[in-house]
Amino acid sequence: MTNKPGIHTKKQWEQIEVLGLLDARKIIDAFEPEKLLNGHTKPNRYVKGLAKPPIKFFINRKDSPVRNICEDFTTREEAIKMFDKLLWDSWHACDAMEEQARDWFEARKKEYLKGNNIDLICDCRRFRGNYEHIGLQYSNHPHDCHGYTLKKYIEFIAKESNK
Ligand SMILES: [Zn+2]
């Protein structure tokens, strides 16, 4: 049996990814043959995206303005839901976001609009359990994280500013 190049499932990564502590983007697309001028074909292993490595943020550290503050008084699952409500229904809807958090989002928005890849890394899980859309399964790890609220919000304000 031979492994034909070019039939690997391509991994689809979004511009903003929410990662567990030990997750990493894997950006290697396996062997793609390259036609040389002399007619030979040479396997060419290239790594996509390395010219622009993702900018990493540890979103749940003590000094992060967007850490999940709800974690201090309830369970992990509840805290993630509460944070989502807090951000959309209070910070956003009532224009009640603290300056540090606002600055953080503004900076991420600019990076996002410039086309940077952004990794939001959270210590609430070691690995994330929702790689299904890219063909990997870690179903025994949690699917949720307050990072998805951050990702959605960055994408939202970026879209708003483009209007
Ligand atoms: Zn998290």
# chains A, B, ... in the order shown; residues from 1 in each chain; ligands from 1
$ residues_near_ligand --ligand "ligand 1" --cutoff "8 Å" --atoms "only C-alpha atoms and all ligand atoms" --output "PyMOL selection string"
chain A and resi 20+59-60+68+80+121-125+144-147
$ write_last_selection --atoms "C-alpha atoms" --output "PDB file, in the first residue's frame"
ATOM      1  CA  GLY A  20      -6.600  24.342  26.220  1.00  0.00           C
ATOM      2  CA  ILE A  59      -6.832  34.550  28.945  1.00  0.00           C
ATOM      3  CA  ASN A  60      -7.331  33.175  32.421  1.00  0.00           C
ATOM      4  CA  ASN A  68     -13.267  34.486  33.964  1.00  0.00           C
ATOM      5  CA  ILE A  80     -18.627  29.930  31.772  1.00  0.00           C
ATOM      6  CA  ILE A 121      -5.245  29.887  25.708  1.00  0.00           C
ATOM      7  CA  CYS A 122      -7.146  29.091  28.881  1.00  0.00           C
ATOM      8  CA  ASP A 123      -6.123  27.012  31.869  1.00  0.00           C
ATOM      9  CA  CYS A 124      -9.656  25.746  32.581  1.00  0.00           C
ATOM     10  CA  ARG A 125      -8.884  22.632  30.514  1.00  0.00           C
ATOM     11  CA  ASP A 144     -16.830  24.859  26.768  1.00  0.00           C
ATOM     12  CA  CYS A 145     -14.592  27.725  27.880  1.00  0.00           C
ATOM     13  CA  HIS A 146     -15.145  31.430  28.446  1.00  0.00           C
ATOM     14  CA  GLY A 147     -12.649  31.891  25.611  1.00  0.00           C
TER      15      GLY A 147
END
$ residues_around --residues "range 99-105 of chain A" --least-positions-apart "4" --cutoff "9 Å" --atoms "only C-alpha atoms" --output "PyMOL selection string"
chain A and resi 64-66+109-110+150+153-154+157
$ write_last_selection --atoms "N, CA and C atoms" --output "compact mmCIF listing (two decimals), in the first residue's frame"
# COMPACT_ATOMS: atom_id res chain seq x y z
N SER A 64 -4.90 38.84 33.65
CA SER A 64 -5.62 39.05 32.40
C SER A 64 -6.92 39.82 32.66
N PRO A 65 -7.14 40.92 31.94
CA PRO A 65 -8.38 41.69 32.15
C PRO A 65 -9.62 40.96 31.67
N VAL A 66 -9.43 39.87 30.95
CA VAL A 66 -10.59 39.13 30.46
C VAL A 66 -10.66 37.72 31.05
N LYS A 109 -9.03 43.26 18.41
CA LYS A 109 -9.79 43.60 17.21
C LYS A 109 -8.85 44.09 16.11
N LYS A 110 -7.90 44.95 16.49
CA LYS A 110 -6.95 45.47 15.51
C LYS A 110 -6.12 44.35 14.91
N LEU A 150 -15.07 35.32 24.39
CA LEU A 150 -14.09 36.33 23.97
C LEU A 150 -13.94 36.33 22.45
N TYR A 153 -16.88 37.81 20.76
CA TYR A 153 -16.96 39.25 20.97
C TYR A 153 -15.95 39.99 20.09
N ILE A 154 -14.75 39.46 19.98
CA ILE A 154 -13.74 40.07 19.10
C ILE A 154 -14.26 40.08 17.66
N ILE A 157 -17.07 42.81 17.37
CA ILE A 157 -16.67 44.22 17.30
C ILE A 157 -15.87 44.49 16.01
$ atom_distance --atom1 "CA of Glu71 in chain A" --atom2 "CA of Asn117 in chain A"
27.1 Å
$ closest_residue --among "A:Lys81, A:Lys152, A:Lys62, A:His143" --to "Gln15 in chain A" --atoms "only C-alpha atoms"
A:Lys152
$ residues_around --residues "Ala79 in chain A" --least-positions-apart "4" --cutoff "9 Å" --atoms "only C-alpha atoms" --output "MDAnalysis selection string"
chainID A and resid 68:75 83:84 146
$ closest_residue --among "A:Leu87, A:Phe57, A:Leu19, A:His92" --to "Ala107 in chain A" --atoms "only C-alpha atoms"
A:Phe57
$ atom_distance --atom1 "CA of Lys114 in chain A" --atom2 "CA of Asn162 in chain A"
12.2 Å
$ closest_residue --among "A:Asp23, A:Arg67, A:Trp13, A:Leu86" --to "Arg128 in chain A" --atoms "only C-alpha atoms"
A:Asp23
$ closest_residue --among "A:Thr149, A:Ser161, A:Asn130, A:Asn116" --to "Pro53 in chain A" --atoms "only C-alpha atoms"
A:Asn116
$ atom_distance --atom1 "CA of Arg126 in chain A" --atom2 "CA of Leu21 in chain A"
4.7 Å
$ closest_residue --among "A:Arg61, A:Ser90, A:Glu14, A:Pro142" --to "Glu155 in chain A" --atoms "only C-alpha atoms"
A:Glu14
